[in-house]
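File shown here: run06.txt, holding compact mmCIF, C-alpha atoms.
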```
# COMPACT_ATOMS: atom_id res chain seq x y z
CA MET X 259 91.85 127.64 77.91
CA THR X 260 91.69 125.53 74.79
CA GLY X 261 94.86 124.60 73.01
CA THR X 262 95.50 125.33 69.38
CA THR X 263 97.54 122.21 68.64
CA GLY X 264 96.95 118.47 68.68
CA SER X 265 99.76 118.10 71.19
CA VAL X 266 99.05 116.75 74.61
CA LEU X 267 102.06 118.59 75.99
CA SER X 268 103.35 121.77 74.47
CA ALA X 269 106.07 124.18 75.56
CA SER X 270 107.22 127.33 73.83
CA GLY X 271 110.20 129.55 74.62
CA LEU X 272 110.57 127.91 78.00
CA ARG X 273 113.27 129.42 80.20
CA LYS X 274 114.39 128.81 83.76
CA GLU X 275 116.95 131.04 85.42
CA TYR X 276 118.59 130.74 88.81
CA GLY X 277 120.55 133.47 90.59
CA GLU X 278 121.18 136.90 89.12
CA GLY X 279 123.82 139.23 87.76
CA VAL X 280 127.13 137.51 87.07
CA ALA X 281 125.85 134.43 88.93
CA LEU X 282 122.85 134.07 86.61
CA VAL X 283 122.43 130.52 85.34
CA ARG X 284 120.04 129.65 82.54
CA ALA X 285 119.28 126.03 83.34
CA VAL X 286 116.70 125.90 80.55
CA ASP X 287 117.18 128.34 77.72
CA ASP X 288 114.47 128.94 75.12
CA VAL X 289 113.18 125.39 74.79
CA SER X 290 110.17 124.58 72.64
CA LEU X 291 108.62 121.14 72.50
CA GLU X 292 105.48 119.50 71.16
CA VAL X 293 104.58 116.02 72.32
CA ALA X 294 101.80 114.32 70.40
CA GLN X 295 99.25 111.97 71.96
CA GLY X 296 100.75 108.49 72.23
CA GLU X 297 104.24 109.64 71.36
CA SER X 298 107.32 108.64 73.31
CA VAL X 299 110.05 111.28 73.51
CA ALA X 300 113.47 111.00 75.10
CA ILE X 301 115.53 114.02 76.10
CA VAL X 302 119.20 113.19 76.42
CA GLY X 303 122.19 115.14 77.57
CA PRO X 304 125.13 115.09 79.95
CA SER X 305 124.53 115.82 83.63
CA GLY X 306 124.03 119.51 84.25
CA CYS X 307 122.56 120.16 80.78
CA GLY X 308 119.23 121.18 82.29
CA LYS X 309 117.18 118.14 81.36
CA SER X 310 115.91 117.42 84.88
CA THR X 311 114.97 121.07 85.36
CA LEU X 312 113.10 120.90 82.07
CA LEU X 313 111.19 117.83 83.24
CA TYR X 314 110.25 119.64 86.46
CA LEU X 315 108.98 122.57 84.41
CA LEU X 316 106.99 120.28 82.11
CA GLY X 317 105.52 118.57 85.16
CA GLY X 318 104.52 121.81 86.87
CA LEU X 319 106.83 121.05 89.78
CA GLU X 320 108.74 124.25 89.10
CA ARG X 321 107.64 127.45 87.42
CA PRO X 322 109.39 128.80 84.33
CA THR X 323 111.05 132.22 84.32
CA ALA X 324 109.58 132.75 80.87
CA GLY X 325 107.70 130.89 78.17
CA THR X 326 104.37 129.12 77.85
CA LEU X 327 103.38 125.62 78.79
CA GLU X 328 100.25 123.71 77.95
CA LEU X 329 99.23 120.30 79.26
CA ALA X 330 96.07 118.54 78.11
CA HIS X 331 94.93 121.86 76.65
CA ARG X 332 95.35 123.80 79.90
CA ARG X 333 97.87 126.60 80.31
CA LEU X 334 100.17 125.80 83.21
CA GLU X 335 102.66 128.61 83.68
CA GLN X 336 100.28 131.06 85.41
CA MET X 337 97.96 128.55 87.04
CA PRO X 338 97.46 129.04 90.82
CA GLU X 339 99.20 126.43 92.96
CA ALA X 340 96.04 124.60 94.05
CA GLY X 341 94.83 124.16 90.49
CA LEU X 342 98.29 123.11 89.39
CA ALA X 343 98.45 120.45 92.10
CA ARG X 344 95.08 119.09 90.97
CA LEU X 345 96.16 119.02 87.34
CA ARG X 346 99.42 117.27 88.25
CA ARG X 347 97.52 114.55 90.08
CA ARG X 348 94.97 114.10 87.34
CA ALA X 349 96.99 114.49 84.16
CA LEU X 350 100.57 113.52 85.01
CA GLY X 351 102.44 110.50 86.27
CA PHE X 352 105.98 110.86 87.59
CA VAL X 353 108.72 108.24 87.67
CA PHE X 354 111.97 109.14 89.45
CA GLN X 355 115.39 107.58 89.60
CA ALA X 356 115.09 106.95 93.35
CA PHE X 357 111.54 105.45 93.08
CA HIS X 358 110.13 107.67 95.90
CA LEU X 359 107.84 104.97 97.23
CA VAL X 360 106.38 105.31 100.72
CA ASP X 361 108.41 102.81 102.74
CA GLU X 362 105.65 102.10 105.28
CA LEU X 363 103.05 101.21 102.67
CA THR X 364 102.73 97.97 100.73
CA ALA X 365 103.16 97.90 96.95
CA LEU X 366 99.38 97.90 96.52
CA GLU X 367 98.90 100.80 98.95
CA ASN X 368 101.59 102.82 97.19
CA VAL X 369 99.86 102.31 93.86
CA GLU X 370 96.39 103.21 95.12
CA LEU X 371 97.56 106.34 96.94
CA PRO X 372 97.31 108.80 94.00
CA ALA X 373 93.77 107.69 93.20
CA LEU X 374 92.77 108.16 96.85
CA LEU X 375 94.37 111.61 96.90
CA ALA X 376 92.45 112.48 93.75
CA GLY X 377 89.20 111.60 95.50
CA ALA X 378 88.47 108.10 94.17
CA SER X 379 86.51 105.78 96.48
CA PRO X 380 88.69 103.30 98.39
CA ARG X 381 87.11 100.48 96.47
CA THR X 382 87.70 102.02 93.04
CA ALA X 383 91.26 102.91 94.02
CA ARG X 384 91.95 99.35 95.19
CA GLU X 385 90.52 97.79 92.03
CA ARG X 386 92.51 100.10 89.82
CA ALA X 387 95.73 99.50 91.81
CA THR X 388 95.23 95.74 91.62
CA ASP X 389 94.85 95.96 87.83
CA LEU X 390 97.94 98.12 87.52
CA LEU X 391 100.10 95.79 89.61
CA GLU X 392 98.99 93.01 87.35
CA GLN X 393 99.87 95.08 84.31
CA VAL X 394 103.43 95.55 85.60
CA GLY X 395 103.64 91.86 86.47
CA LEU X 396 103.73 92.27 90.25
CA GLU X 397 100.31 91.00 91.34
CA ASP X 398 102.06 88.46 93.59
CA ARG X 399 103.99 91.24 95.36
CA ALA X 400 100.96 93.38 96.27
CA GLU X 401 101.37 92.94 100.03
CA HIS X 402 105.14 93.42 100.08
CA LEU X 403 106.76 96.52 101.52
CA PRO X 404 109.19 98.31 99.16
CA SER X 405 112.11 97.09 101.28
CA ALA X 406 111.18 93.51 100.36
CA LEU X 407 111.32 94.24 96.64
CA SER X 408 114.25 94.37 94.22
CA GLY X 409 115.19 97.67 92.56
CA GLY X 410 113.53 96.70 89.31
CA GLN X 411 110.37 95.65 91.14
CA ARG X 412 110.29 98.92 93.09
CA GLN X 413 110.53 100.91 89.91
CA ARG X 414 107.72 98.85 88.37
CA VAL X 415 105.58 99.66 91.42
CA ALA X 416 106.47 103.33 90.93
CA ILE X 417 105.44 103.09 87.28
CA ALA X 418 102.14 101.47 88.26
CA ARG X 419 101.63 104.32 90.72
CA ALA X 420 102.38 106.86 87.98
CA LEU X 421 99.54 105.33 85.96
CA ALA X 422 97.02 105.36 88.82
CA ASN X 423 94.95 108.27 87.55
CA GLY X 424 95.22 107.48 83.83
CA PRO X 425 97.63 110.35 83.15
CA ALA X 426 97.80 112.17 79.83
CA VAL X 427 101.59 112.06 80.10
CA VAL X 428 104.09 110.02 82.10
CA LEU X 429 107.27 111.96 82.90
CA ALA X 430 110.32 109.93 83.89
CA ASP X 431 113.65 111.24 85.21
CA GLU X 432 116.52 108.71 84.82
CA PRO X 433 114.08 105.86 85.49
CA THR X 434 116.80 103.22 85.30
CA GLY X 435 119.58 105.23 86.93
CA ASN X 436 119.62 103.05 90.05
CA LEU X 437 119.12 99.73 88.30
CA ASP X 438 121.42 96.98 87.10
CA SER X 439 121.32 95.73 83.53
CA ALA X 440 118.65 93.04 84.03
CA ALA X 441 116.34 95.37 85.97
CA THR X 442 116.86 98.05 83.32
CA THR X 443 115.61 95.59 80.73
CA GLU X 444 112.49 94.93 82.86
CA VAL X 445 111.71 98.63 83.03
CA LEU X 446 112.41 99.24 79.34
CA ARG X 447 110.13 96.36 78.37
CA LEU X 448 107.43 97.86 80.55
CA PHE X 449 107.84 101.28 78.91
CA GLU X 450 107.62 99.65 75.49
CA GLN X 451 104.41 97.95 76.51
CA LEU X 452 102.95 101.23 77.79
CA HIS X 453 103.96 102.95 74.59
CA ALA X 454 102.32 100.21 72.55
CA ASP X 455 99.16 100.76 74.60
CA GLY X 456 99.17 104.42 73.56
CA GLN X 457 100.61 106.03 76.71
CA THR X 458 102.38 109.32 76.06
CA LEU X 459 105.86 109.24 77.59
CA VAL X 460 108.62 111.77 78.15
CA VAL X 461 111.88 110.38 79.54
CA VAL X 462 114.98 112.37 80.43
CA THR X 463 118.24 110.46 80.78
CA HIS X 464 121.96 110.73 80.18
CA ASP X 465 121.95 107.20 78.76
CA GLU X 466 121.27 106.83 75.03
CA ARG X 467 120.54 103.17 75.57
CA ILE X 468 117.49 104.04 77.67
CA ALA X 469 116.50 106.76 75.25
CA SER X 470 116.81 104.53 72.21
CA THR X 471 113.41 102.91 72.71
CA ALA X 472 111.65 106.27 72.17
CA ASP X 473 110.13 107.45 68.88
CA ARG X 474 112.12 110.64 68.98
CA LEU X 475 115.33 111.56 70.75
CA ILE X 476 116.15 115.18 71.54
CA THR X 477 119.68 116.15 72.56
CA MET X 478 120.14 118.88 75.12
CA ARG X 479 123.34 120.79 75.87
CA ASP X 480 123.77 123.85 78.09
CA GLY X 481 120.06 124.28 78.60
CA ARG X 482 119.16 124.16 74.90
CA PHE X 483 117.85 121.61 72.43
CA VAL X 484 120.67 121.11 69.93
CA ASP X 485 119.59 118.10 67.91
CA GLU X 486 116.72 115.78 67.22
CA THR X 487 116.65 112.25 65.83
CA LYS X 488 113.74 110.08 64.75
CA LEU X 489 114.52 106.59 65.96
CA THR X 490 112.12 104.64 63.82
CA GLY X 491 114.07 104.30 60.58
CA GLY X 492 116.80 101.71 61.19
CA THR X 493 117.09 98.34 59.54
CA GLN X 494 118.24 94.96 60.76
CA ARG X 495 121.05 95.31 58.24
CA THR X 496 122.51 98.22 60.22
CA VAL X 497 122.68 96.12 63.35
CA ALA X 498 124.11 93.12 61.51
CA GLU X 499 126.89 95.30 60.14
CA ILE X 500 127.84 96.57 63.58
CA ALA X 501 127.71 93.00 64.85
CA GLY X 502 130.36 92.09 62.25
CA LEU X 503 128.07 90.13 59.93
CA ASP X 504 128.71 92.32 56.93
CA GLY X 505 130.50 90.22 54.35
CA MET B 258 155.10 74.94 62.16
CA ALA B 259 155.16 71.94 59.85
CA GLU B 260 151.44 71.77 59.06
CA ALA B 261 151.28 75.43 58.19
CA ALA B 262 152.53 74.73 54.69
CA GLU B 263 149.62 72.38 54.02
CA LEU B 264 147.08 75.06 54.84
CA PRO B 265 145.59 77.04 52.01
CA ASP B 266 146.71 80.63 52.41
CA ARG B 267 144.23 83.33 53.32
CA GLU B 268 144.34 84.68 49.78
CA SER B 269 142.94 81.51 48.26
CA LEU B 270 140.07 81.64 50.72
CA GLN B 271 138.97 85.02 49.38
CA GLY B 272 135.51 84.85 47.98
CA TYR B 273 133.99 83.69 51.19
CA GLN B 274 131.48 86.32 52.00
CA LEU B 275 131.97 85.90 55.67
CA ARG B 276 135.18 84.88 57.34
CA VAL B 277 133.24 84.34 60.52
CA VAL B 278 130.91 81.79 58.92
CA ARG B 279 133.88 79.81 57.67
CA GLU B 280 135.54 79.78 61.06
CA VAL B 281 132.44 78.96 63.05
CA LEU B 282 131.45 76.11 60.73
CA LEU B 283 134.87 74.55 61.19
CA ALA B 284 134.64 74.99 64.94
CA LEU B 285 131.18 73.42 65.10
CA LEU B 286 132.45 70.47 63.07
CA ALA B 287 135.27 70.00 65.55
CA GLY B 288 132.64 68.76 67.99
CA GLU B 289 131.01 66.23 65.73
CA ALA B 290 130.36 65.51 62.08
CA SER B 291 127.19 67.31 60.98
CA HIS B 292 125.14 68.03 57.92
CA GLY B 293 124.49 71.50 56.52
CA TYR B 294 121.01 71.85 57.89
CA GLN B 295 122.12 71.20 61.47
CA LEU B 296 124.92 73.73 61.16
CA ARG B 297 122.62 76.31 59.71
CA ALA B 298 120.13 75.84 62.54
CA ARG B 299 122.91 76.32 65.12
CA LEU B 300 124.02 79.54 63.47
CA ALA B 301 120.48 80.84 63.20
CA LEU B 302 119.91 80.23 66.91
CA ALA B 303 123.13 82.02 67.85
CA LEU B 304 122.32 85.03 65.70
CA GLY B 305 118.62 85.32 66.51
CA PRO B 306 117.11 88.31 64.74
CA LEU B 307 120.39 88.94 62.91
CA ALA B 308 120.35 85.56 61.18
CA GLY B 309 118.78 87.29 58.19
CA ALA B 310 122.23 88.71 57.44
CA LEU B 311 123.25 85.26 56.23
CA ASN B 312 121.68 84.34 52.99
CA ASP B 313 120.19 80.89 52.76
CA GLY B 314 122.82 79.27 50.62
CA GLN B 315 125.76 80.66 52.54
CA VAL B 316 126.34 77.66 54.79
CA TYR B 317 126.23 75.23 51.88
CA VAL B 318 128.43 77.34 49.62
CA THR B 319 130.94 77.79 52.43
CA LEU B 320 131.01 74.06 53.23
CA ASN B 321 131.61 73.32 49.58
CA ARG B 322 134.56 75.69 49.48
CA LEU B 323 135.97 74.41 52.75
CA GLU B 324 135.92 70.97 51.19
CA LYS B 325 137.79 72.17 48.11
CA ALA B 326 140.34 73.81 50.41
CA GLY B 327 140.85 70.47 52.15
CA LEU B 328 139.60 71.62 55.52
CA VAL B 329 136.60 69.30 55.59
CA VAL B 330 135.59 66.08 53.87
CA SER B 331 132.04 64.98 53.20
CA GLU B 332 130.17 61.79 52.70
CA ARG B 333 126.77 61.20 51.19
CA VAL B 334 124.41 59.47 53.61
CA GLY B 335 121.18 57.97 52.36
CA GLN B 336 117.90 58.64 54.18
CA ALA B 337 114.66 56.72 53.94
CA ASP B 338 112.00 58.66 51.98
CA LYS B 339 114.22 61.74 51.69
CA PRO B 340 117.03 62.83 49.41
CA ASP B 341 120.53 61.90 50.50
CA ARG B 342 122.29 64.36 52.69
CA ARG B 343 125.90 65.24 52.95
CA VAL B 344 127.66 64.83 56.30
CA TYR B 345 130.77 66.91 56.83
CA GLU B 346 133.78 66.08 58.95
CA LEU B 347 136.88 68.07 59.84
CA THR B 348 140.27 67.13 58.35
CA PRO B 349 143.51 67.55 60.37
CA ALA B 350 144.13 70.78 58.43
CA GLY B 351 140.67 71.98 59.41
CA ARG B 352 141.30 71.10 63.02
CA HIS B 353 144.51 73.09 62.94
CA GLN B 354 142.65 76.09 61.56
CA VAL B 355 140.11 75.88 64.42
CA THR B 356 142.90 75.87 66.99
CA GLU B 357 144.38 78.96 65.38
CA TRP B 358 141.02 80.72 65.35
CA LEU B 359 140.39 80.02 69.03
CA GLY B 360 143.79 81.41 69.94
CA ASP B 361 143.54 84.44 67.67
CA THR B 362 143.13 87.65 69.70
CA SER B 363 142.73 90.08 66.83
CA TRP B 364 139.66 92.20 67.39
CA PRO B 365 137.43 94.05 64.95
CA LYS B 366 138.76 97.57 64.89
CA PRO B 367 136.64 100.52 65.79
CA ALA B 368 138.04 103.32 63.68
CA PRO B 369 137.99 106.63 65.54
CA ALA B 370 141.02 107.95 63.64
CA GLU B 371 139.17 108.44 60.37
CA PHE B 372 136.31 110.33 61.96
CA HIS B 373 138.67 112.33 64.13
CA LEU B 374 140.69 113.40 61.10
CA LYS B 375 137.52 114.22 59.19
CA LEU B 376 136.58 116.68 61.94
CA VAL B 377 140.05 118.20 62.07
CA ALA B 378 140.18 118.61 58.30
CA ALA B 379 136.64 119.96 58.04
CA ALA B 380 137.43 122.59 60.67
CA ALA B 381 140.83 123.50 59.20
CA ALA B 382 139.56 123.84 55.65
CA GLY B 383 136.33 125.52 56.73
CA LEU B 384 134.45 122.81 54.83
CA ALA B 385 131.82 122.04 57.41
CA ASP B 386 130.98 122.67 61.04
CA PRO B 387 132.59 119.81 63.00
CA VAL B 388 129.75 119.93 65.51
CA GLY B 389 127.31 119.46 62.65
CA LEU B 390 129.29 116.44 61.46
CA VAL B 391 129.28 115.02 64.98
CA ASN B 392 125.51 115.46 65.23
CA GLN B 393 125.01 113.82 61.86
CA GLN B 394 127.17 110.85 62.87
CA ARG B 395 125.43 110.65 66.22
CA ARG B 396 122.00 110.46 64.57
CA ALA B 397 123.17 107.55 62.42
CA LEU B 398 124.52 105.66 65.44
CA LEU B 399 121.38 106.39 67.47
CA VAL B 400 119.19 104.84 64.80
CA GLY B 401 121.38 101.72 64.91
CA LEU B 402 121.25 101.71 68.69
CA ALA B 403 117.46 101.98 68.68
CA GLN B 404 117.25 99.04 66.29
CA ALA B 405 119.60 96.88 68.34
CA GLN B 406 117.99 97.79 71.65
CA ARG B 407 114.49 96.98 70.38
CA ALA B 408 115.69 93.67 68.98
CA ALA B 409 117.35 92.89 72.34
CA LEU B 410 114.18 93.70 74.28
CA ALA B 411 112.19 91.42 72.00
CA GLU B 412 114.41 88.42 72.76
CA PRO B 413 113.14 85.93 75.36
CA ASP B 414 114.98 85.46 78.67
CA ALA B 415 118.20 83.45 78.45
CA SER B 416 118.41 83.96 74.69
CA VAL B 417 121.97 83.54 73.44
CA ALA B 418 121.28 85.95 70.56
CA ALA B 419 120.42 88.67 73.12
CA LEU B 420 124.05 88.50 74.20
CA LEU B 421 125.18 89.40 70.68
CA LEU B 422 122.71 92.27 70.57
CA GLU B 423 123.99 93.49 73.93
CA GLY B 424 127.47 93.56 72.42
CA VAL B 425 126.21 95.76 69.60
CA VAL B 426 124.40 98.04 72.04
CA LEU B 427 127.41 98.46 74.34
CA ARG B 428 129.72 99.17 71.45
CA LEU B 429 127.43 101.87 70.08
CA GLN B 430 127.07 103.31 73.55
CA ALA B 431 130.85 103.66 73.81
CA ASP B 432 131.00 105.30 70.38
CA LEU B 433 128.23 107.71 71.35
CA ARG B 434 130.09 108.64 74.50
CA TRP B 435 133.12 109.50 72.43
CA LEU B 436 131.00 111.57 70.04
CA GLU B 437 129.74 113.49 73.07
CA ALA B 438 133.37 114.31 73.90
CA CYS B 439 133.91 115.36 70.25
CA ALA B 440 130.89 117.67 70.41
CA ARG B 441 132.16 119.23 73.62
CA TYR B 442 135.64 119.81 72.21
CA TRP B 443 134.51 121.33 68.92
CA ASN B 444 131.88 123.48 70.61
CA GLU B 445 134.55 124.91 72.85
CA ALA B 446 136.90 125.32 69.88
CA LYS B 447 134.22 127.43 68.20
CA GLU B 448 133.97 129.64 71.28
CA ARG B 449 137.76 130.03 71.45
CA ARG B 450 137.92 131.35 67.94
```
Any chance you could give the structure as structure tokens?
Amino acid sequence: MTGTTGSVLSASGLRKEYGEGVALVRAVDDVSLEVAQGESVAIVGPSGCGKSTLLYLLGGLERPTAGTLELAHRRLEQMPEAGLARLRRRALGFVFQAFHLVDELTALENVELPALLAGASPRTARERATDLLEQVGLEDRAEHLPSALSGGQRQRVAIARALANGPAVVLADEPTGNLDSAATTEVLRLFEQLHADGQTLVVVTHDERIASTADRLITMRDGRFVDETKLTGGTQRTVAEIAGLDG
Amino acid sequence: MAEAAELPDRESLQGYQLRVVREVLLALLAGEASHGYQLRARLALALGPLAGALNDGQVYVTLNRLEKAGLVVSERVGQADKPDRRVYELTPAGRHQVTEWLGDTSWPKPAPAEFHLKLVAAAAAGLADPVGLVNQQRRALLVGLAQAQRAALAEPDASVAALLLEGVVLRLQADLRWLEACARYWNEAKERR
């Protein structure tokens, strides 16, 4: 099905309910979202606001109770599981708080895995993985197991893996949640670089600091979008004032 | 304290655009006599991308005023092929001021009371939705946070200016956390009504 918008990811009236009757919980309640090609969007809210559930819906990892969802001009919400799995592999990259690397595989093997699963030749997959590790600055860690890497390095491997099949959108769930301040900076710099290269990004986090590098920040409370801020308009003057350099 | 009487009072120092520039120049001079250009370069390094907040003449104007206030003295030093430059040195009164500054624990005040009262008054008088005011304030802080965070990410490793930017980021983060609590409270207040 062909999409009607220029968005690479598009959701309308998205709803996700758990339980029923008096125990009914609307984790995601009538959410609509358009993400343009090359845009970076952050969805922020306190824990339990439904942002992770939303990310799972957007990524086709869970099915919505109601609403429509379109990724790379394909409708997702009714797609059979096999087709959905193929589309996820081809068009999406996932980055999770807990990295989810395969412990028994080296950094390079972890990164080439999605390409192999998508049917790339071992040689193509290896070349692509080597390039990606270089892009995240870990070419010298290719043969290391995850256990031999720092948290920040593991997350960079996970980001390289997310890029393995040239995804239309990278979806990240609290990507720096397990990282200290220095490693967080590494990951944020990497996201900035990806964004500059035109990668479409959607990040959910409870931390405004992580979200503040996005083009657009959406605030979520109780399953709904309640506010939206464009983050591209500030001036150095604003920062200088907060720093106490304001006359 | 005996020397205190010799110090110019705070009032007479009004007109300095930046108290902090005055204090830091004195403190830098406590290490060694320097000329304006050196001092300016030190400040610029410490402030990194925020150095633009100081206008170019600020260091020289401030030094001039510090001299009039008796906190520094200067001497013209000739240079081969270049105009003379002025080298500044701390006076005992200036040194005393530096000691006071280092020991001063006053802290720039975040001002939650004003915003808090604005929300209370807006709700009581039915002037505006407090949650709307919180969201508006939050947007403004988020734009500042984005600016500071981007500037921090652009700094090289081990940059001293990055430390200042981190301070700005952490402060805004704390304010945003409080605004989240405000939003929660006033949302619930709406439901209670």
Dump as a Markdown table the rows for residues of chain B within 8 Å of chain X: closest atom pair and distance in Å with one decimal, only C-alpha atoms counted, ordered by chain and rising residue number.
```
| residue | atom | partner | partner_atom | distance |
| --- | --- | --- | --- | --- |
| B:Gln274 | CA | X:Gly505 | CA | 4.7 |
| B:Leu275 | CA | X:Gly505 | CA | 4.8 |
| B:Arg276 | CA | X:Gly505 | CA | 7.7 |
| B:Val277 | CA | X:Leu503 | CA | 7.8 |
| B:Pro306 | CA | X:Gln494 | CA | 7.8 |
| B:Leu307 | CA | X:Ala498 | CA | 5.8 |
| B:Ala310 | CA | X:Ala498 | CA | 6.3 |
| B:Leu311 | CA | X:Leu503 | CA | 7.8 |
| B:Pro365 | CA | X:Gly502 | CA | 7.8 |
| B:Asn392 | CA | X:Asp485 | CA | 7.0 |
| B:Arg396 | CA | X:Thr487 | CA | 5.8 |
| B:Leu399 | CA | X:Ser470 | CA | 6.8 |
| B:Val400 | CA | X:Leu489 | CA | 5.1 |
| B:Gly401 | CA | X:Gly492 | CA | 5.9 |
| B:Leu402 | CA | X:Ser470 | CA | 6.3 |
| B:Ala403 | CA | X:Ser470 | CA | 4.4 |
| B:Gln404 | CA | X:Gly492 | CA | 5.8 |
| B:Ala405 | CA | X:Val497 | CA | 5.9 |
| B:Gln406 | CA | X:Ser470 | CA | 6.9 |
| B:Arg407 | CA | X:Thr471 | CA | 6.5 |
| B:Leu410 | CA | X:Arg447 | CA | 6.3 |
| B:Leu421 | CA | X:Ala501 | CA | 7.3 |
| B:Leu422 | CA | X:Ala501 | CA | 7.6 |
| B:Gly424 | CA | X:Ala501 | CA | 7.6 |
| B:Val425 | CA | X:Ala501 | CA | 5.7 |
| B:Val426 | CA | X:Arg467 | CA | 7.3 |
| B:Gln430 | CA | X:Arg467 | CA | 6.8 |
| B:Leu433 | CA | X:Glu466 | CA | 7.9 |
```
Problem - Interatomic distance, CA of Gln393 in chain B to CA of Val266 in chain X (Å, one decimal) - result: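 That distance, rounded to one decimal, is 29.1 Å.
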Problem - Residue nearest Ala294 in chain X - candidates X:Leu350, X:Ala454, X:Val360, X:Leu329, atoms counted: only C-alpha atoms - result: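 Under the stated criterion, the closest residue is X:Leu329.
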Completion exercise
From CA of Leu319 in chain X to CA of Glu275 in chain X the spacing works out at 14.9 Å
Handout entry: Proximity to Thr463 in chain X - best of X:Gly271, X:Gly308, X:Gly296, X:Gly318, all atoms listed in the file
Key =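 The closest residue to Thr463 in chain X is X:Gly308.
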Completion exercise
From CA of Thr311 in chain X to CA of Gly435 in chain X the spacing works out at 16.6 Å
Problem - Close residues, range 376-385 of chain X itself excluded, 10 Å, only C-alpha atoms, min 4 positions apart in chain, as a ChimeraX atom specification - result: /X:344-345,347-348,366-367,369-372,389-390,422-423
Problem - Nearby residues, (132.1, 62.6, 63.9) file frame, 9 Å, all atoms listed in the file, as a PyMOL selection string - result: chain B and resi 286-291+345-347
Handout entry: Shell around Leu436 in chain B at 9 Å using all atoms listed in the file, local window under 6 positions removed, as an MDAnalysis selection string
Key = chainID B and resid 391:392 394:395
Given 3 Å of margin on each side, can you work out the centre and size in Å (one decimal) of an axis-aligned box holding every listed atom of range 356-360 of chain B, as lines of an AutoDock Vina configuration file?
```
center_x = 142.4
center_y = 78.6
center_z = 67.6
size_x = 10.0
size_y = 11.5
size_z = 10.6
```
